[in-house]
$ cat query_17.txt   # compact mmCIF, C-alpha atoms
# COMPACT_ATOMS: atom_id res chain seq x y z
CA ARG A 579 88.70 -10.85 -15.17
CA ASN A 580 89.00 -7.42 -13.59
CA GLY A 581 87.30 -5.95 -16.66
CA LYS A 582 89.70 -7.61 -19.11
CA ILE A 583 89.05 -10.50 -21.44
CA ARG A 584 91.43 -13.25 -20.44
CA ARG A 585 90.69 -15.56 -23.36
CA SER A 586 87.91 -15.97 -25.86
CA ALA A 587 86.63 -17.98 -28.80
CA SER A 588 85.13 -16.75 -32.04
CA PHE A 589 83.16 -19.00 -34.40
CA ASP A 590 83.22 -17.84 -38.05
CA TRP A 591 80.75 -20.23 -39.63
CA ASP A 592 81.00 -18.66 -43.11
CA LYS A 593 84.79 -19.19 -43.27
CA ARG A 594 84.65 -22.32 -41.06
CA ILE A 595 87.36 -20.94 -38.73
CA LEU A 596 87.50 -21.19 -34.93
CA SER A 597 89.72 -18.47 -33.42
CA TYR A 598 90.64 -18.86 -29.76
CA GLY A 599 93.17 -17.85 -27.12
CA ASP A 600 94.18 -14.58 -25.57
CA GLY A 601 93.81 -11.27 -27.41
CA GLU A 602 97.53 -10.93 -28.08
CA HIS A 603 98.22 -14.43 -29.42
CA PRO A 604 95.06 -15.87 -31.00
CA GLN A 605 95.17 -19.26 -32.67
CA GLN A 606 92.97 -20.63 -35.43
CA THR A 607 91.74 -24.06 -36.47
CA GLY A 608 89.10 -25.48 -38.76
CA LEU A 609 85.55 -25.23 -37.44
CA HIS A 610 83.61 -28.52 -37.33
CA ASP A 611 79.84 -28.89 -37.58
CA GLY A 612 78.27 -28.70 -34.14
CA ALA A 613 81.29 -27.00 -32.52
CA GLN A 614 80.53 -25.38 -29.15
CA ASP A 615 82.06 -23.43 -26.34
CA MET A 616 82.18 -25.25 -22.99
CA LEU A 617 79.29 -23.35 -21.44
CA SER A 618 76.97 -24.12 -24.36
CA LEU A 619 77.51 -27.89 -24.36
CA SER A 620 74.61 -28.82 -22.10
CA TRP A 621 72.19 -26.64 -24.08
CA GLN A 622 73.43 -28.06 -27.39
CA LEU A 623 72.77 -31.54 -26.00
CA ALA A 624 69.24 -30.41 -25.12
CA PHE A 625 68.64 -29.24 -28.70
CA LYS A 626 70.24 -32.29 -30.34
CA GLY A 627 68.69 -34.79 -27.96
CA PRO A 628 70.35 -37.44 -25.84
CA GLU A 629 70.73 -39.97 -28.64
CA SER A 630 73.39 -37.96 -30.50
CA GLU A 631 76.51 -39.98 -29.71
CA ASN A 632 79.58 -38.63 -31.50
CA ASN A 633 82.63 -36.47 -31.04
CA THR A 634 81.98 -32.76 -30.60
CA GLN A 635 84.53 -29.99 -31.11
CA LEU A 636 84.60 -27.83 -27.97
CA THR A 637 86.69 -24.94 -26.74
CA ASN A 638 87.23 -23.20 -23.44
CA GLY A 639 88.97 -20.29 -25.21
CA ARG A 640 92.36 -21.71 -24.28
CA LYS A 641 92.35 -25.06 -26.08
CA VAL A 642 90.22 -26.96 -28.57
CA TYR A 643 89.09 -30.48 -27.76
CA SER A 644 87.23 -33.28 -29.48
CA TYR A 645 84.87 -34.64 -26.85
CA PRO A 646 83.31 -38.09 -27.12
CA ILE A 647 79.62 -37.85 -26.24
CA ARG A 648 78.00 -41.00 -24.78
CA THR A 649 74.42 -41.69 -23.76
CA GLY A 650 73.99 -43.23 -20.31
CA GLN A 651 71.01 -44.73 -18.55
CA LYS A 652 67.53 -43.27 -18.35
CA GLU A 653 66.74 -42.36 -14.77
CA THR A 654 63.95 -40.99 -12.62
CA PHE A 655 64.75 -38.33 -10.01
CA LYS A 656 62.46 -38.17 -6.98
CA THR A 657 61.73 -34.68 -5.69
CA ASN A 658 59.29 -32.91 -3.38
CA HIS A 659 57.16 -32.18 -6.45
CA GLY A 660 56.95 -35.60 -8.04
CA THR A 661 59.42 -37.25 -10.33
CA ILE A 662 61.41 -36.12 -13.35
CA ARG A 663 62.47 -38.55 -16.05
CA ALA A 664 65.99 -37.84 -17.29
CA GLN A 665 68.54 -39.17 -19.74
CA LEU A 666 72.19 -39.13 -18.71
CA VAL A 667 74.63 -37.86 -21.35
CA GLN A 668 78.35 -38.00 -20.55
CA THR A 669 81.65 -36.84 -21.89
CA HIS A 670 85.04 -37.63 -20.44
CA TYR A 671 88.32 -36.29 -21.75
CA ASP A 672 91.74 -36.48 -20.14
CA ASP A 673 90.84 -36.51 -16.42
CA VAL A 674 87.82 -34.21 -16.77
CA SER A 675 84.24 -35.46 -16.80
CA VAL A 676 80.96 -33.73 -17.58
CA ASP A 677 77.69 -35.52 -16.80
CA VAL A 678 74.43 -33.91 -17.95
CA TRP A 679 70.92 -35.16 -17.12
CA LEU A 680 68.33 -34.07 -19.71
CA ALA A 681 64.65 -33.92 -18.66
CA ALA A 682 62.64 -35.80 -21.28
CA ASP A 683 59.31 -34.29 -20.16
CA PHE A 684 60.62 -30.72 -20.49
CA GLY A 685 62.21 -30.62 -23.94
CA ASN A 686 65.50 -32.11 -22.69
CA VAL A 687 66.32 -29.11 -20.50
CA PRO A 688 69.43 -29.94 -18.45
CA ILE A 689 68.30 -30.54 -14.86
CA ARG A 690 71.69 -31.45 -13.45
CA ILE A 691 75.26 -30.94 -14.64
CA ILE A 692 78.30 -32.28 -12.81
CA PHE A 693 81.72 -31.02 -13.95
CA LYS A 694 84.76 -32.66 -12.40
CA LYS A 695 88.40 -31.77 -12.78
CA PRO A 696 91.19 -33.45 -10.76
CA GLY A 697 92.34 -31.51 -7.73
CA GLU A 698 89.28 -29.23 -7.73
CA PRO A 699 85.89 -29.53 -6.05
CA ALA A 700 83.18 -30.90 -8.35
CA LEU A 701 80.80 -28.32 -9.77
CA ASP A 702 77.26 -29.66 -9.30
CA LEU A 703 74.59 -27.51 -10.96
CA GLN A 704 70.96 -28.44 -10.23
CA ILE A 705 67.78 -26.91 -11.56
CA THR A 706 65.44 -25.31 -9.03
CA SER A 707 62.35 -24.68 -11.17
CA ILE A 708 60.99 -25.02 -14.69
CA GLU A 709 58.78 -22.32 -16.15
CA LEU A 710 57.15 -22.51 -19.59
CA ASP A 711 55.42 -19.47 -21.12
CA GLY A 712 55.44 -17.75 -17.73
CA VAL A 713 53.79 -20.67 -15.91
CA GLU A 714 55.71 -22.71 -13.38
CA LYS A 715 55.50 -26.34 -14.47
CA TRP A 716 57.82 -27.76 -11.86
CA GLY A 717 58.82 -25.89 -8.75
CA GLN A 718 61.40 -25.74 -5.99
CA PRO A 719 62.68 -29.29 -5.54
CA LEU A 720 64.60 -30.78 -2.67
CA LYS A 721 67.82 -28.94 -1.80
CA GLN A 722 69.64 -31.60 -3.83
CA LEU A 723 68.23 -33.94 -6.44
CA LYS A 724 68.41 -37.39 -4.93
CA ASN A 725 68.84 -40.50 -6.98
CA LYS A 726 71.19 -43.27 -5.88
CA ALA A 727 71.37 -44.66 -9.42
CA ALA A 728 72.65 -41.31 -10.73
CA VAL A 729 75.62 -41.33 -8.38
CA LYS A 730 76.87 -44.56 -9.98
CA HIS A 731 77.65 -42.64 -13.17
CA VAL A 732 80.12 -40.20 -11.68
CA SER A 733 83.59 -41.14 -10.59
CA ALA A 734 83.39 -39.47 -7.17
CA PRO A 735 80.58 -38.06 -5.01
CA ALA A 736 79.42 -34.62 -6.09
CA GLN A 737 80.23 -31.76 -3.75
CA GLU A 738 77.84 -28.92 -3.01
$ encode --input "query_17.txt" --output "structure tokens"
Amino acid sequence: RNGKIRRSASFDWDKRILSYGDGEHPQQTGLHDGAQDMLSLSWQLAFKGPESENNTQLTNGRKVYSYPIRTGQKETFKTNHGTIRAQLVQTHYDDVSVDVWLAADFGNVPIRIIFKKPGEPALDLQITSIELDGVEKWGQPLKQLKNKAAVKHVSAPAQE
């Protein structure tokens, strides 16, 4: 923030050490297989696939968590450009929830991510197009992905 690093995380895979925190008072802990930073979680799920239920070591640079990963229902999202099949993958820790929908037909790319933290508006990220090798394979959907079944899996309505 304002050109200064507020907190960070460093993954030393050779020494198996996760360093995190602010620059003045870093902390260290053992690094587990599959450990991720918060922003990489949805992409790691895409690489691992939706069937990888387990606990994953995650950090936001301030704390280190062990997140339980659960596979939810398979769903179909209707859009202006056809349908997209997706697999819901969820993690909930403390009062925070992260729901990720992985598109089976597009290599499990995350098409929707909802991050909820108490007292804050939900962060609802939705894909707007999919391009493979420079060719658009799926383009500009509805302003919001609509699927009534998907809303059942989140604890409160997503906010735009």
$ closest_residue --input "query_17.txt" --among "A:Thr657, A:Asn632, A:Thr607, A:Ser675" --to "A:Ser707" --atoms "all atoms listed in the file"
A:Thr657
$ atom_distance --input "query_17.txt" --atom1 "atom CA of A:Ile595" --atom2 "atom CA of A:Gln622"
19.3 Å
$ closest_residue --input "query_17.txt" --among "A:Ala624, A:Lys715, A:Arg690, A:Lys582" --to "A:Phe655" --atoms "all atoms listed in the file"
A:Arg690
$ atom_distance --input "query_17.txt" --atom1 "atom CA of A:Tyr645" --atom2 "atom CA of A:Gly599"
18.7 Å
$ axis_aligned_box --input "query_17.txt" --around "stretch 703-719 of chain A" --padding-each-side "8 Å" --output "JSON"
{"center_x": 64.2, "center_y": -23.5, "center_z": -13.3, "size_x": 36.8, "size_y": 27.5, "size_z": 31.6}
$ residues_around --input "query_17.txt" --residues "A:Met616" --least-positions-apart "3" --cutoff "7 Å" --atoms "all atoms listed in the file" --output "PDB file with C-alpha atoms, in the frame of the given file"
ATOM      1  CA  LEU A 619      77.510 -27.890 -24.360  1.00  0.00           C
ATOM      2  CA  LEU A 636      84.600 -27.830 -27.970  1.00  0.00           C
ATOM      3  CA  THR A 637      86.690 -24.940 -26.740  1.00  0.00           C
ATOM      4  CA  ASN A 638      87.230 -23.200 -23.440  1.00  0.00           C
TER       5      ASN A 638
END
$ closest_residue --input "query_17.txt" --among "A:Arg584, A:Ile689, A:Gln614, A:Arg640" --to "A:Thr706" --atoms "all atoms listed in the file"
A:Ile689
$ closest_residue --input "query_17.txt" --among "A:Val674, A:Gly627, A:Ser597, A:Asp592" --to "A:Asp611" --atoms "all atoms listed in the file"
A:Asp592
$ atom_distance --input "query_17.txt" --atom1 "atom CA of A:Glu709" --atom2 "atom CA of A:Ala681"
13.2 Å
$ residues_around --input "query_17.txt" --residues "stretch 659-668 of chain A" --least-positions-apart "5" --cutoff "6 Å" --atoms "only C-alpha atoms" --output "list in words"
Ile647, Arg648, Thr649, Gly650, Gln651, Lys652, Glu653, Thr654, Val676, Asp677, Val678, Trp679, Leu680, Ala681 and Ala682 of chain A
$ decode --input "query_17.txt" --residues "stretch 652-689 of chain A" --atoms "N, CA and C atoms" --output "short mmCIF file (atom, residue, chain, number, x, y, z; two decimals), in the first residue's frame"
data_model
loop_
_atom_site.label_atom_id
_atom_site.label_comp_id
_atom_site.auth_asym_id
_atom_site.auth_seq_id
_atom_site.Cartn_x
_atom_site.Cartn_y
_atom_site.Cartn_z
N LYS A 652 -22.29 -30.71 -8.86
CA LYS A 652 -22.03 -30.32 -10.25
C LYS A 652 -23.23 -29.51 -10.69
N GLU A 653 -22.95 -28.42 -11.42
CA GLU A 653 -24.04 -27.53 -11.82
C GLU A 653 -23.86 -27.09 -13.26
N THR A 654 -24.92 -26.59 -13.83
CA THR A 654 -24.89 -26.03 -15.18
C THR A 654 -25.35 -24.58 -15.10
N PHE A 655 -24.50 -23.66 -15.56
CA PHE A 655 -24.85 -22.24 -15.59
C PHE A 655 -25.39 -21.90 -16.97
N LYS A 656 -26.54 -21.24 -17.02
CA LYS A 656 -27.12 -20.80 -18.28
C LYS A 656 -26.65 -19.38 -18.56
N THR A 657 -26.19 -19.16 -19.78
CA THR A 657 -25.70 -17.83 -20.17
C THR A 657 -26.25 -17.47 -21.54
N ASN A 658 -25.94 -16.28 -22.00
CA ASN A 658 -26.35 -15.86 -23.34
C ASN A 658 -25.67 -16.67 -24.43
N HIS A 659 -24.61 -17.37 -24.10
CA HIS A 659 -23.83 -18.12 -25.08
C HIS A 659 -23.84 -19.61 -24.78
N GLY A 660 -24.96 -20.12 -24.36
CA GLY A 660 -25.08 -21.53 -24.05
C GLY A 660 -24.91 -21.81 -22.58
N THR A 661 -24.49 -23.01 -22.28
CA THR A 661 -24.35 -23.41 -20.89
C THR A 661 -22.90 -23.76 -20.59
N ILE A 662 -22.55 -23.68 -19.32
CA ILE A 662 -21.23 -24.09 -18.86
C ILE A 662 -21.45 -25.06 -17.71
N ARG A 663 -20.84 -26.25 -17.84
CA ARG A 663 -20.88 -27.21 -16.74
C ARG A 663 -19.81 -26.81 -15.73
N ALA A 664 -20.13 -26.88 -14.45
CA ALA A 664 -19.17 -26.48 -13.42
C ALA A 664 -19.30 -27.36 -12.19
N GLN A 665 -18.18 -27.48 -11.50
CA GLN A 665 -18.11 -28.22 -10.25
C GLN A 665 -17.84 -27.22 -9.13
N LEU A 666 -18.68 -27.23 -8.11
CA LEU A 666 -18.49 -26.35 -6.97
C LEU A 666 -17.46 -26.95 -6.02
N VAL A 667 -16.48 -26.14 -5.62
CA VAL A 667 -15.50 -26.54 -4.61
C VAL A 667 -15.54 -25.46 -3.54
N GLN A 668 -15.63 -25.88 -2.27
CA GLN A 668 -15.84 -24.93 -1.18
C GLN A 668 -14.81 -25.09 -0.08
N THR A 669 -14.53 -23.98 0.58
CA THR A 669 -13.77 -24.02 1.82
C THR A 669 -14.39 -23.00 2.76
N HIS A 670 -14.51 -23.39 4.00
CA HIS A 670 -15.05 -22.51 5.02
C HIS A 670 -14.16 -22.62 6.24
N TYR A 671 -13.73 -21.51 6.76
CA TYR A 671 -12.89 -21.48 7.94
C TYR A 671 -13.33 -20.31 8.79
N ASP A 672 -13.33 -20.47 10.08
CA ASP A 672 -13.87 -19.44 10.98
C ASP A 672 -15.21 -19.00 10.41
N ASP A 673 -15.40 -17.72 10.14
CA ASP A 673 -16.64 -17.22 9.55
C ASP A 673 -16.47 -16.83 8.08
N VAL A 674 -15.36 -17.23 7.48
CA VAL A 674 -15.07 -16.87 6.09
C VAL A 674 -15.40 -18.06 5.20
N SER A 675 -15.97 -17.78 4.03
CA SER A 675 -16.23 -18.84 3.07
C SER A 675 -15.72 -18.44 1.70
N VAL A 676 -15.22 -19.44 0.98
CA VAL A 676 -14.78 -19.25 -0.40
C VAL A 676 -15.43 -20.37 -1.21
N ASP A 677 -16.22 -19.99 -2.21
CA ASP A 677 -16.87 -20.94 -3.10
C ASP A 677 -16.31 -20.70 -4.49
N VAL A 678 -15.83 -21.77 -5.14
CA VAL A 678 -15.23 -21.67 -6.47
C VAL A 678 -15.94 -22.65 -7.38
N TRP A 679 -16.39 -22.17 -8.54
CA TRP A 679 -17.00 -23.03 -9.55
C TRP A 679 -15.97 -23.24 -10.65
N LEU A 680 -15.62 -24.52 -10.91
CA LEU A 680 -14.62 -24.88 -11.91
C LEU A 680 -15.32 -25.40 -13.16
N ALA A 681 -14.97 -24.85 -14.32
CA ALA A 681 -15.61 -25.22 -15.59
C ALA A 681 -14.97 -26.49 -16.16
N ALA A 682 -15.71 -27.58 -16.10
CA ALA A 682 -15.21 -28.88 -16.54
C ALA A 682 -14.80 -28.88 -18.02
N ASP A 683 -15.53 -28.16 -18.86
CA ASP A 683 -15.26 -28.16 -20.30
C ASP A 683 -14.09 -27.26 -20.69
N PHE A 684 -13.54 -26.52 -19.74
CA PHE A 684 -12.45 -25.60 -20.03
C PHE A 684 -11.29 -25.82 -19.07
N GLY A 685 -10.92 -27.07 -18.84
CA GLY A 685 -9.76 -27.37 -18.02
C GLY A 685 -9.88 -26.93 -16.57
N ASN A 686 -11.11 -26.88 -16.07
CA ASN A 686 -11.38 -26.49 -14.67
C ASN A 686 -11.06 -25.03 -14.37
N VAL A 687 -11.04 -24.18 -15.37
CA VAL A 687 -10.81 -22.76 -15.10
C VAL A 687 -11.91 -22.25 -14.16
N PRO A 688 -11.55 -21.47 -13.15
CA PRO A 688 -12.57 -20.93 -12.25
C PRO A 688 -13.45 -19.92 -12.99
N ILE A 689 -14.77 -20.18 -13.02
CA ILE A 689 -15.67 -19.25 -13.70
C ILE A 689 -16.40 -18.34 -12.74
#
